[in-house]
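**Student:** My structure is stored as protein10.tsv, with TSV, C-alpha atoms.
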chain	number	residue	atom	x	y	z
T	1	MET	CA	-57.46	0.23	-37.61
T	2	ARG	CA	-58.65	3.60	-36.31
T	3	ARG	CA	-61.57	5.16	-38.11
T	4	TRP	CA	-62.83	8.71	-37.77
T	5	PRO	CA	-66.36	9.19	-39.14
T	6	ASN	CA	-67.07	12.53	-40.76
T	7	LYS	CA	-70.06	13.35	-38.56
T	8	ALA	CA	-68.67	14.54	-35.22
T	9	GLU	CA	-72.14	14.56	-33.67
T	10	ASN	CA	-72.18	10.74	-33.87
T	11	LEU	CA	-68.96	10.39	-31.91
T	12	LEU	CA	-68.56	9.93	-28.18
T	13	TYR	CA	-65.28	10.10	-26.28
T	14	LEU	CA	-65.30	8.04	-23.10
T	15	GLU	CA	-62.43	8.15	-20.61
T	16	TYR	CA	-62.09	6.66	-17.15
T	17	ASP	CA	-59.59	6.28	-14.33
T	18	ILE	CA	-59.01	2.77	-13.03
T	19	GLN	CA	-59.88	2.71	-9.33
T	20	GLN	CA	-59.56	-1.06	-8.87
T	21	ASN	CA	-57.35	-2.82	-11.40
T	22	LYS	CA	-59.31	-6.04	-11.63
T	23	PRO	CA	-58.59	-8.68	-14.29
T	24	GLY	CA	-61.01	-8.39	-17.18
T	25	LEU	CA	-62.08	-4.83	-16.35
T	26	LEU	CA	-61.61	-3.51	-19.88
T	27	GLY	CA	-63.42	-6.54	-21.26
T	28	ALA	CA	-66.37	-5.91	-18.95
T	29	VAL	CA	-66.59	-2.25	-20.02
T	30	THR	CA	-66.39	-3.06	-23.74
T	31	THR	CA	-68.94	-5.87	-23.32
T	32	LEU	CA	-71.37	-3.41	-21.72
T	33	ILE	CA	-70.84	-1.01	-24.62
T	34	GLY	CA	-71.39	-3.82	-27.11
T	35	MET	CA	-74.59	-4.98	-25.40
T	36	LEU	CA	-75.98	-1.46	-25.85
T	37	GLY	CA	-75.21	-1.64	-29.56
T	38	LEU	CA	-72.61	1.16	-29.54
T	39	ASN	CA	-69.74	0.78	-32.00
T	40	ILE	CA	-66.20	0.95	-30.54
T	41	LEU	CA	-63.81	2.65	-32.98
T	42	THR	CA	-60.70	3.06	-30.83
T	43	VAL	CA	-59.44	1.86	-27.44
T	44	ALA	CA	-56.22	3.27	-25.97
T	45	GLY	CA	-54.38	3.45	-22.68
T	46	ILE	CA	-53.96	7.03	-21.43
T	47	GLU	CA	-50.93	7.34	-19.16
T	48	GLN	CA	-50.75	4.41	-16.70
T	49	LYS	CA	-54.16	4.09	-15.07
T	50	ARG	CA	-56.56	5.62	-17.55
T	51	ARG	CA	-58.42	4.30	-20.58
T	52	GLY	CA	-59.88	6.20	-23.51
T	53	LEU	CA	-62.47	4.93	-25.99
T	54	LEU	CA	-63.92	6.48	-29.11
T	55	LEU	CA	-67.47	5.33	-29.80
T	56	GLU	CA	-69.85	5.76	-32.69
T	57	THR	CA	-73.39	6.38	-31.47
T	58	HIS	CA	-76.82	6.79	-33.03
T	59	SER	CA	-79.08	6.71	-29.97
T	60	GLU	CA	-79.22	9.36	-27.27
T	61	GLU	CA	-81.13	6.98	-25.00
T	62	LYS	CA	-78.38	4.34	-25.24
T	63	VAL	CA	-75.73	6.96	-24.51
T	64	LYS	CA	-77.61	8.02	-21.37
T	65	ALA	CA	-77.99	4.39	-20.33
T	66	LEU	CA	-74.24	3.84	-20.77
T	67	HIS	CA	-73.44	6.91	-18.67
T	68	GLU	CA	-75.66	5.74	-15.83
T	69	ALA	CA	-74.27	2.20	-15.96
T	70	LEU	CA	-70.61	3.30	-15.93
T	71	ASN	CA	-71.21	5.71	-13.06
T	72	ALA	CA	-72.45	2.73	-11.03
T	73	VAL	CA	-69.23	0.74	-11.58
T	74	GLU	CA	-67.04	1.17	-8.50
T	75	ALA	CA	-63.87	-0.06	-10.22
T	76	ILE	CA	-63.72	2.98	-12.52
T	77	LYS	CA	-64.28	6.72	-12.35
T	78	LEU	CA	-65.47	8.57	-15.45
T	79	THR	CA	-63.23	11.52	-16.37
T	80	ALA	CA	-64.70	12.32	-19.80
T	81	PHE	CA	-68.00	11.60	-21.53
T	82	ARG	CA	-68.45	13.97	-24.48
T	83	GLN	CA	-67.98	14.60	-28.17
T	84	PRO	CA	-64.24	14.23	-28.82
T	85	THR	CA	-62.07	17.34	-28.75
T	86	LEU	CA	-58.71	17.85	-30.43
T	87	LEU	CA	-56.99	17.06	-27.12
T	88	ASP	CA	-59.00	13.84	-26.85
T	89	ARG	CA	-57.86	12.75	-30.30
T	90	ILE	CA	-54.24	13.45	-29.37
T	91	ALA	CA	-54.65	11.44	-26.15
T	92	LEU	CA	-56.03	8.46	-28.09
T	93	ARG	CA	-53.30	8.65	-30.70
T	94	HIS	CA	-50.34	9.03	-28.37
T	95	GLY	CA	-51.58	7.58	-25.09
T	96	LYS	CA	-51.02	10.73	-23.04
T	97	ARG	CA	-52.69	13.98	-22.08
T	98	LEU	CA	-51.00	17.23	-23.03
T	99	ASP	CA	-49.45	19.09	-20.12
T	100	MET	CA	-51.27	22.41	-19.69
T	101	ALA	CA	-49.34	24.85	-17.51
T	102	GLU	CA	-51.63	27.88	-17.56
T	103	ILE	CA	-55.24	28.68	-18.39
T	104	ASN	CA	-55.02	32.24	-19.77
T	105	PRO	CA	-53.84	31.87	-22.41
T	106	PRO	CA	-53.78	28.05	-22.45
T	107	THR	CA	-50.12	26.99	-22.36
T	108	TYR	CA	-49.08	23.49	-23.41
T	109	ARG	CA	-45.68	22.10	-22.44
T	110	PHE	CA	-43.60	19.71	-24.52
T	111	VAL	CA	-40.08	18.33	-24.23
T	112	ARG	CA	-38.02	17.85	-27.36
T	113	GLU	CA	-38.54	14.09	-27.46
T	114	GLU	CA	-42.29	14.78	-27.79
T	115	LEU	CA	-41.97	16.75	-31.03
T	116	GLY	CA	-44.03	14.07	-32.78
T	117	VAL	CA	-46.92	14.73	-30.40
T	118	LEU	CA	-46.45	18.48	-30.83
T	119	VAL	CA	-46.55	18.24	-34.63
T	120	ASP	CA	-49.78	16.21	-34.47
T	121	PHE	CA	-51.37	18.68	-32.03
T	122	LEU	CA	-50.33	21.78	-33.95
T	123	GLY	CA	-51.04	20.14	-37.32
T	124	ASP	CA	-54.59	19.21	-36.29
T	125	THR	CA	-55.07	22.78	-35.05
T	126	LEU	CA	-54.00	24.10	-38.44
T	127	LEU	CA	-56.40	21.68	-40.14
T	128	GLU	CA	-59.27	23.15	-38.12
T	129	GLY	CA	-58.35	26.59	-39.45
T	130	GLY	CA	-59.71	29.84	-38.08
T	131	ASN	CA	-58.35	33.27	-37.22
T	132	HIS	CA	-55.96	32.34	-34.42
T	133	VAL	CA	-52.60	33.49	-33.11
T	134	ILE	CA	-50.37	30.80	-31.62
T	135	GLY	CA	-47.17	31.47	-29.68
T	136	ILE	CA	-44.19	29.11	-29.47
T	137	ARG	CA	-41.86	29.71	-26.55
T	138	GLY	CA	-38.45	28.11	-26.09
T	139	MET	CA	-34.71	28.61	-26.17
T	140	PRO	CA	-32.98	29.08	-29.56
T	141	ARG	CA	-32.33	25.95	-31.65
T	142	ILE	CA	-34.84	23.85	-29.70
T	143	GLY	CA	-36.95	23.11	-32.80
T	144	LYS	CA	-39.63	25.83	-32.81
T	145	THR	CA	-39.52	26.71	-36.50
T	146	GLU	CA	-38.99	23.11	-37.56
T	147	ALA	CA	-42.02	21.99	-35.54
T	148	ALA	CA	-44.16	24.77	-37.01
T	149	ILE	CA	-43.14	23.92	-40.58
T	150	ALA	CA	-43.63	20.18	-39.96
T	151	ALA	CA	-47.14	20.93	-38.67
T	152	CYS	CA	-47.89	22.90	-41.84
T	153	VAL	CA	-46.71	19.95	-43.93
T	154	TYR	CA	-48.85	17.60	-41.81
T	155	ALA	CA	-51.88	19.82	-42.43
T	156	ASN	CA	-51.01	20.28	-46.12
T	157	LYS	CA	-50.88	24.04	-45.62
T	158	ARG	CA	-48.56	26.56	-47.25
T	159	TRP	CA	-46.34	28.43	-44.80
T	160	ILE	CA	-44.92	31.94	-45.25
T	161	LEU	CA	-41.87	33.02	-43.23
T	162	LEU	CA	-42.36	36.71	-42.48
T	163	SER	CA	-39.31	36.69	-40.21
T	164	SER	CA	-37.02	33.84	-39.27
T	165	THR	CA	-33.48	32.79	-38.42
T	166	ILE	CA	-33.79	29.38	-40.06
T	167	ILE	CA	-32.23	30.84	-43.23
T	168	ARG	CA	-29.97	33.40	-41.59
T	169	GLN	CA	-32.31	36.34	-40.95
T	170	ALA	CA	-35.32	36.51	-43.25
T	171	LEU	CA	-37.42	39.68	-43.13
T	172	ARG	CA	-40.37	40.11	-45.47
T	173	THR	CA	-41.81	43.52	-46.31
T	174	GLU	CA	-44.49	42.45	-48.80
T	175	LEU	CA	-46.53	39.47	-49.94
T	176	LEU	CA	-47.08	38.10	-53.41
T	177	LEU	CA	-50.65	38.21	-54.70
T	178	ASP	CA	-51.41	34.56	-53.94
T	179	GLU	CA	-49.63	34.39	-50.58
T	180	SER	CA	-52.44	36.03	-48.62
T	181	VAL	CA	-54.86	33.16	-49.33
T	182	ASN	CA	-54.89	29.95	-47.26
T	183	SER	CA	-51.40	30.49	-45.86
T	184	ILE	CA	-49.95	30.01	-42.38
T	185	PHE	CA	-47.74	32.95	-41.40
T	186	LEU	CA	-44.66	32.34	-39.25
T	187	ILE	CA	-43.08	35.23	-37.35
T	188	ASP	CA	-39.90	35.22	-35.27
T	189	GLY	CA	-40.51	37.70	-32.46
T	190	ILE	CA	-36.83	38.45	-31.89
T	191	THR	CA	-35.92	38.97	-35.55
T	192	SER	CA	-38.90	41.27	-36.11
T	193	THR	CA	-38.32	43.38	-32.99
T	194	THR	CA	-34.56	43.76	-33.45
T	195	ARG	CA	-34.26	43.98	-37.25
T	196	GLY	CA	-37.68	44.87	-38.65
T	197	ASN	CA	-38.13	48.23	-40.40
T	198	ASP	CA	-41.37	50.16	-40.82
T	199	ALA	CA	-42.31	48.26	-43.98
T	200	HIS	CA	-41.82	44.94	-42.20
T	201	TRP	CA	-43.97	45.98	-39.25
T	202	SER	CA	-46.64	47.30	-41.58
T	203	LEU	CA	-46.77	43.86	-43.20
T	204	ILE	CA	-47.02	42.13	-39.79
T	205	GLU	CA	-49.85	44.45	-38.74
T	206	LYS	CA	-51.68	43.69	-41.99
T	207	THR	CA	-51.07	39.95	-41.57
T	208	LEU	CA	-52.38	39.85	-38.01
T	209	LYS	CA	-55.69	41.22	-39.29
T	210	MET	CA	-56.05	38.48	-41.90
T	211	PRO	CA	-58.55	35.68	-41.13
T	212	THR	CA	-55.90	32.96	-41.03
T	213	LEU	CA	-53.55	31.29	-38.59
T	214	LYS	CA	-50.41	33.02	-37.37
T	215	ILE	CA	-47.56	31.42	-35.40
T	216	ILE	CA	-45.24	33.73	-33.45
T	217	GLU	CA	-41.99	32.44	-31.99
T	218	HIS	CA	-40.70	34.17	-28.84
T	219	PRO	CA	-44.15	35.66	-28.07
T	220	ASP	CA	-42.98	37.33	-24.84
T	221	ILE	CA	-40.37	39.41	-26.65
T	222	PHE	CA	-42.86	40.24	-29.40
T	223	ILE	CA	-45.38	41.50	-26.82
T	224	ARG	CA	-42.72	43.33	-24.81
T	225	ASP	CA	-41.79	45.34	-27.90
T	226	GLY	CA	-45.21	47.01	-27.63
T	227	ARG	CA	-45.66	48.10	-31.22
T	228	LEU	CA	-48.62	45.76	-31.76
T	229	LYS	CA	-51.12	44.33	-29.32
T	230	VAL	CA	-51.64	40.59	-29.72
T	231	ASP	CA	-54.04	38.26	-27.93
T	232	PHE	CA	-52.73	34.71	-28.17
T	233	ASP	CA	-55.21	31.85	-28.42
T	234	PHE	CA	-52.68	29.50	-26.85
T	235	ILE	CA	-48.95	29.14	-26.20
T	236	ILE	CA	-46.69	26.15	-26.84
T	237	GLU	CA	-43.54	25.71	-24.77
T	238	ILE	CA	-40.67	23.46	-25.89
T	239	ARG	CA	-37.86	22.38	-23.54
T	240	HIS	CA	-35.04	19.86	-23.70
T	241	HIS	CA	-36.11	18.59	-20.26
T	242	GLU	CA	-39.18	19.23	-18.11
T	243	GLU	CA	-37.18	21.06	-15.43
T	244	ASP	CA	-35.57	23.51	-17.88
T	245	VAL	CA	-36.38	27.20	-17.37
T	246	ILE	CA	-36.98	29.48	-20.37
T	247	ARG	CA	-35.22	32.77	-19.57
T	248	LEU	CA	-35.75	35.83	-21.74
T	249	GLU	CA	-32.31	37.23	-20.91
T	250	ASP	CA	-30.63	33.96	-21.98
T	251	ILE	CA	-32.63	33.96	-25.22
T	252	ALA	CA	-31.43	37.49	-26.03
T	253	MET	CA	-27.79	36.53	-25.33
T	254	SER	CA	-28.05	33.38	-27.42
T	255	PHE	CA	-29.59	35.33	-30.27
T	256	THR	CA	-26.77	37.90	-30.15
T	257	ALA	CA	-24.15	35.15	-30.27
T	258	PHE	CA	-25.96	33.51	-33.19
T	259	ASP	CA	-26.23	36.84	-35.00
T	260	MET	CA	-22.48	37.47	-34.71
T	261	SER	CA	-21.41	34.02	-35.88
For this file, produce the structure as structure tokens.

**Tutor:**
Amino acid sequence: MRRWPNKAENLLYLEYDIQQNKPGLLGAVTTLIGMLGLNILTVAGIEQKRRGLLLETHSEEKVKALHEALNAVEAIKLTAFRQPTLLDRIALRHGKRLDMAEINPPTYRFVREELGVLVDFLGDTLLEGGNHVIGIRGMPRIGKTEAAIAACVYANKRWILLSSTIIRQALRTELLLDESVNSIFLIDGITSTTRGNDAHWSLIEKTLKMPTLKIIEHPDIFIRDGRLKVDFDFIIEIRHHEEDVIRLEDIAMSFTAFDMS
């Protein structure tokens, strides 16, 4: 069973590439860790030739000794030796690294069959909290809103739809008194830019200044509108297949067809 101690400073994430796939390699690594008195909490395969381990540590000297010993093992190559990050936790849980396409802003790619991984990633991000703006890019009816709402449920957070097409076309112009506290705000960039009036945009501007998480679908169209400047902390892309191309012109056409139905 996987355990996650409360004190992050006592956790060490260790990851290595297998250079020589010798029988008993994992056993030799875990034996070395055990001989140093470090507690192994989780062991997982990452992709095909990588292993990830979550360790509980209480001695800086033993951690340094482990690092030196593993660097001397020719059969493996260390790729991570640090306190675990959110991406490390996702890798341990699902056995794969997230696909990052760009650095500024960080852009993570998912295909629809990986929605479970996406919900975990986004849900853990919501659990961490903070004043962040997250964009979700993808063609209509790919699962953007559903993934965002599922992540809110995962994180036990209340979500507020400021604009959306999930229930026809929802457009909010005001918040209730208790909705501005501990809420995740979801904005559909197309609905807001094509249908939003001054009151709606005033609410979005106010919301973007709140110290809470905001999720904006169709971030490119939202930015292109130009009424508000937004700096995204990271972008999520969802595709049916890895080779699919997300085209803004096709999104606009699909939205028009949906609007007229």

**Student:** Do you have the atom CA of T:Glu114-atom CA of T:Leu92 distance handy?

**Tutor:**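 Separating atom CA of T:Glu114 from atom CA of T:Leu92 is a distance of 15.1 Å.
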
**Student:** Which is closest to T:Lys49 among T:Tyr16, T:Phe81, T:Phe110, T:Trp201, if we use only C-alpha atoms?

**Tutor:**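 Counting only C-alpha atoms, the residue closest to T:Lys49 is T:Tyr16.
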
**Student:** What's around T:Leu186 at 12 Å? Count only C-alpha atoms, leave out sequence neighbours fewer than 6 positions away in its own chain, and write the answer as an NGL selection string.

**Tutor:** :T and (133-136 or 144-149 or 151-152 or 158-166 or 170-172 or 192 or 204 or 207-208 or 212-219)

**Student:** To one decimal place in Å, what is the distance between atom CA of T:Ser183 and atom CA of T:Thr125?

**Tutor:** 13.8 Å

**Student:** Write out as a PyMOL selection string the residues lying within 12 Å of stretch 62-68 of chain T, counting all atoms listed in the file and excluding same-chain residues fewer than 6 positions away.

**Tutor:** chain T and resi 10-16+29-39+55-56+77-83

**Student:** Between T:Gly123, T:Pro84, T:Gly196, T:Pro140, which is the closest to T:Ile246 once you count only C-alpha atoms?

**Tutor:**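 Checking each candidate against T:Ile246, we get T:Pro140 as the closest.
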
**Student:** Using Å and a single decimal, report how far atom CA of T:Leu118 sits from atom CA of T:Val181.

**Tutor:**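 So the two atoms, atom CA of T:Val181 and atom CA of T:Leu118, lie 25.1 Å apart.
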
**Student:** Go through T:Ile187, T:Ile235, T:Val119, T:Leu176 and flag the residue nearest T:Ala155, using only C-alpha atoms for the distances.

**Tutor:**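 Using only C-alpha atoms, T:Ala155 sits closest to T:Val119.
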
**Student:** If you take every atom of stretch 93-112 of chain T that the file lists and fit an axis-aligned box around them with 5 Å extra on each side, what centre and edge lengths come out in Å to one decimal, as JSON?

**Tutor:**
{"center_x": -46.6, "center_y": 19.9, "center_z": -24.1, "size_x": 27.2, "size_y": 34.7, "size_z": 23.2}

**Student:** Show me, as number ranges by chain, the residues that have an atom within 8 Å of T:Pro105 when counting only C-alpha atoms, minus same-chain residues fewer than 3 positions from it.

**Tutor:** T: 102, 232-235

**Student:** Using only C-alpha atoms, which of T:Asp178, T:His132, T:Asn156, T:Thr193 sits nearest T:Lys209?

**Tutor:**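 The closest residue to T:Lys209 is T:His132.
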
**Student:** Ranking T:Gly130, T:Ile76, T:Val153, T:Val43 by minimum distance to T:Ala91 and counting all atoms listed in the file, which one comes first?

**Tutor:**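 Closest to T:Ala91, using all atoms listed in the file: T:Val43.
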
**Student:** From the set T:Ala150, T:Leu25, T:Leu53, T:Ile18, which residue has the shortest atom-to-atom contact distance to T:Gly95, counting all atoms listed in the file?

**Tutor:**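 Comparing T:Ala150, T:Leu25, T:Leu53, T:Ile18 against T:Gly95, the winner is T:Leu53.
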